[in-house]
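Participant: What follows is a structure written as structure tokens; I'll ask about it next.
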Amino acid sequence: MHTSYLQLLTSKKNIKCYFFIAIFLLCTNLNQLFAQKTTAPLKEKIERIISTKDMRVGVSILANNGQDSISINAEGHYPLQSVFKLHIALAVLSEIDKGKLSLNKKIKVTEKELLPDFWSPLRDEHPKGGDFTIKKLIQYSVSQSDNVACDVLIRLLGEPKTVEDYFKKNHIINNFEINYTEEEMQSKWENMFQNWTTANAASELLMKFYTNGNNLLSQQSYDFIWKTLRETNTGEDRLKGALPKGTVVAHKTGYSGKNSEGITAAFNDIGIVFLPNGKYFIISVFVADSKESNEVNAQMISAISKATWDFYLEK
């Protein structure tokens, strides 16, 4: 009798537990369905924008504090190109927060490292090289997409895989790979495809480091990297291109150039767009295998960004 009574109690407790789990799952699914239905008009508009272009496009958008998400071809692999300079900067800042490095630590950049065929404002301004703080190297690399500064930072960490390992070992993001430095990536067209990401992984990266859950960055590093991203002066015609003048966008661009067949392998922009009502949305757009002009590539990205801006302002 006693054993049967205990079994009955346990059974009732299990039933109650299963009931609450079922309700939780039901509510979660209903919220997801509602969010998908709510954002459906925006997704359809973006799909129409993409459908008229001769290119492969991945789009990932997170809004409404992450409750809204739009993914279009967002799990495909896209060449990162200079977008990976954000990953590198974040990995360096992690080492700074551990006390292993300092923003004010000076690093010697030799004249030999100032490769002539690189995009490098640092080289143009300092043709003999010099000593630069890590802070300045990150600013060059992220805000101005400087290739020399980028590779100096990679060497400071070790190698490209060191950057990748930071994110994967700490369970931050997984769907990406970094195998080559800028010098290696530019030495052979095929190499860029070994530095890749999904659009969803790019947006997840932005979301995690902007919300800064689990204190991924110290306050000093957090303030510094978001200020640096807001100061990005490349790709003004992409995410920012069709937005009202003065709109704050913290972003990082990437570009592959064209091959002998006139195909652009990568034309990217990822970032956070801040709305005048105090809200924001995260947006990652990756263009690959484009047979269009750079002007068309940029207009396509800016059109997607503007459609998202309009949607969330009206909402």
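Letters A, B, ... mark the chains of the structure tokens in the order given; residue numbers begin at 1 per chain; ligand numbers begin at 1, in order shown.
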Which residues come within 10 Å of stretch 175-185 of chain A, counting only C-alpha atoms, excluding same-chain residues fewer than 5 positions away, as a ChimeraX atom specification?
Facilitator: /A:75-82,84-85,87-88,115,117-118,146-155,159-165,167-168,190-202,256
Participant: I need the residues in stretch 141-288 of chain A that are strand (DSSP E) according to DSSP; give them as a ChimeraX atom specification.
Facilitator: /A:176-177,196-197,249-255,267-274,280-288
Participant: List every residue of stretch 42-271 of chain A that DSSP, applied to the backbone of this structure, places in helix (DSSP H, G or I), and write the result as a PyMOL selection string.
Facilitator: chain A and resi 42-51+81-97+111-113+121-125+134-143+147-157+160-169+182-187+189-194+199-211+213-215+219-230
Participant: Could you build a table of the residues in stretch 255-309 of chain A lying no more than 9 Å from stretch 220-237 of chain A, giving for each the nearest pair of atoms and their separation in Å rounded to one decimal place, using only C-alpha atoms, ordered by chain and ascending residue number, as CSV?
Facilitator:
residue,atom,partner,partner_atom,distance
A:Asn268,CA,A:Gly235,CA,8.8
A:Asp269,CA,A:Gly235,CA,7.6
A:Gly271,CA,A:Leu229,CA,8.3
A:Glu295,CA,A:Asp237,CA,8.5
A:Ala298,CA,A:Asp237,CA,5.9
A:Gln299,CA,A:Asp237,CA,7.2
A:Ile301,CA,A:Asp237,CA,8.5
A:Ser302,CA,A:Asp237,CA,6.8
Participant: Between atom CA of A:Ser102 and atom CA of A:Leu122, measure the distance and give it in Å to one decimal.
Facilitator: 20.2 Å
Participant: For each of A:Glu204, A:Glu113, A:Asp54, A:Asp68, take the minimum atom-to-atom distance to A:Met300, counting only C-alpha atoms, then give the residue where this is smallest.
Facilitator: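 Using only C-alpha atoms, A:Met300 sits closest to A:Asp54.
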Participant: Check the smallest atom-to-atom distance from each of A:Leu217, A:Leu275, A:Met207, A:Ile263 to A:Lys315 using only C-alpha atoms, then report the winner.
Facilitator: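 Checking each of A:Leu217, A:Leu275, A:Met207, A:Ile263 against A:Lys315, counting only C-alpha atoms, the winner is A:Leu275.
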Participant: Give me, as number ranges by chain, all polymer residues having an atom no more than 12 Å from A:Thr211, counting only C-alpha atoms and skipping those fewer than 2 positions away in the same chain.
Facilitator: A: 65-66, 204-209, 213-217, 219, 222, 226, 272, 280, 282
Participant: Can you tell me which residues surround A:Gly278 at a distance of at most 12 Å, considering only C-alpha atoms, apart from same-chain residues fewer than 4 positions away, and format the answer as a compact mmCIF listing (two decimals) with N, CA and C atoms, in the first residue's frame?
Facilitator:
# COMPACT_ATOMS: atom_id res chain seq x y z
N ASN A 64 14.12 43.34 -32.61
CA ASN A 64 13.20 43.20 -31.48
C ASN A 64 13.85 42.39 -30.36
N ASN A 65 15.10 42.78 -30.00
CA ASN A 65 15.87 42.10 -28.96
C ASN A 65 16.06 40.61 -29.24
N THR A 247 22.54 58.55 -39.75
CA THR A 247 22.18 57.30 -39.09
C THR A 247 23.43 56.62 -38.55
N VAL A 248 23.36 56.17 -37.31
CA VAL A 248 24.50 55.49 -36.69
C VAL A 248 24.48 54.02 -37.09
N VAL A 273 22.36 48.56 -36.99
CA VAL A 273 21.77 49.83 -37.41
C VAL A 273 20.90 50.35 -36.27
N PHE A 274 21.16 51.58 -35.85
CA PHE A 274 20.44 52.16 -34.72
C PHE A 274 19.33 53.07 -35.23
N TYR A 312 10.91 48.40 -39.47
CA TYR A 312 10.94 48.51 -38.02
C TYR A 312 10.60 49.91 -37.51
N LEU A 313 10.71 50.90 -38.34
CA LEU A 313 10.20 52.21 -37.95
C LEU A 313 8.68 52.23 -37.96
Participant: Find the spatial neighbours of A:Ile49, counting only C-alpha atoms, within a cut-off of 9 Å - ignore same-chain residues fewer than 5 positions away - and output them as a ChimeraX atom specification.
Facilitator: /A:44,300,303-304
Participant: With all heavy atoms retained, write the just-selected residues as an mmCIF file, in the first residue's frame.
Facilitator:
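In the end it all went to out-v3.cif:
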data_model
loop_
_atom_site.group_PDB
_atom_site.id
_atom_site.type_symbol
_atom_site.label_atom_id
_atom_site.label_comp_id
_atom_site.auth_asym_id
_atom_site.auth_seq_id
_atom_site.Cartn_x
_atom_site.Cartn_y
_atom_site.Cartn_z
ATOM 1 N N GLU A 44 9.626 38.746 -47.600
ATOM 2 C CA GLU A 44 9.180 38.676 -49.001
ATOM 3 C C GLU A 44 9.758 39.834 -49.815
ATOM 4 O O GLU A 44 10.161 39.657 -50.967
ATOM 5 C CB GLU A 44 7.656 38.690 -49.053
ATOM 6 C CG GLU A 44 7.021 37.400 -48.531
ATOM 7 C CD GLU A 44 5.520 37.532 -48.314
ATOM 8 O OE1 GLU A 44 4.964 38.614 -48.668
ATOM 9 O OE2 GLU A 44 4.914 36.591 -47.778
ATOM 10 N N MET A 300 22.127 46.794 -53.868
ATOM 11 C CA MET A 300 21.332 45.676 -53.376
ATOM 12 C C MET A 300 21.411 45.589 -51.851
ATOM 13 O O MET A 300 20.398 45.441 -51.159
ATOM 14 C CB MET A 300 21.827 44.379 -54.020
ATOM 15 C CG MET A 300 20.864 43.204 -53.905
ATOM 16 S SD MET A 300 21.050 42.302 -52.362
ATOM 17 C CE MET A 300 22.789 41.906 -52.408
ATOM 18 N N ALA A 303 19.537 48.521 -50.334
ATOM 19 C CA ALA A 303 18.081 48.358 -50.471
ATOM 20 C C ALA A 303 17.537 47.426 -49.388
ATOM 21 O O ALA A 303 16.455 47.665 -48.823
ATOM 22 C CB ALA A 303 17.741 47.820 -51.857
ATOM 23 N N ILE A 304 18.281 46.369 -49.075
ATOM 24 C CA ILE A 304 17.865 45.446 -48.014
ATOM 25 C C ILE A 304 17.888 46.152 -46.661
ATOM 26 O O ILE A 304 16.967 46.016 -45.846
ATOM 27 C CB ILE A 304 18.781 44.207 -47.995
ATOM 28 C CG1 ILE A 304 18.566 43.365 -49.257
ATOM 29 C CG2 ILE A 304 18.526 43.349 -46.747
ATOM 30 C CD1 ILE A 304 19.553 42.235 -49.430
#
Participant: Just the number, please: distance in Å from atom CA of A:Arg56 to atom CA of A:Ala288, one decimal.
Facilitator: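 Distance reported for this atom pair: 5.0 Å.
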Participant: Of the residues A:Leu90, A:Ala250, A:Leu239, A:Lys279, which is the one nearest to A:Lys306, using only C-alpha atoms?
Facilitator: A:Leu239
Participant: Kindly indicate which residue among A:Lys112, A:Lys291, A:Lys98, A:Lys105 lies nearest to A:Leu137, using only C-alpha atoms for the distances.
Facilitator: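 The closest residue to A:Leu137 is A:Lys105.
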Participant: Would you work out the distance separating atom CA of A:Ser284 from atom CA of A:Pro41, expressed in Å to one decimal?
Facilitator: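 Computed distance, atom CA of A:Ser284 to atom CA of A:Pro41, equals 18.5 Å.
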Participant: Would you mind telling me which residue in A:Ala307, A:Val296, A:Ala40, A:Leu243 lies nearest to A:Ser71 when using only C-alpha atoms?
Facilitator: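 Using only C-alpha atoms, the shortest distance to A:Ser71 belongs to A:Ala40.
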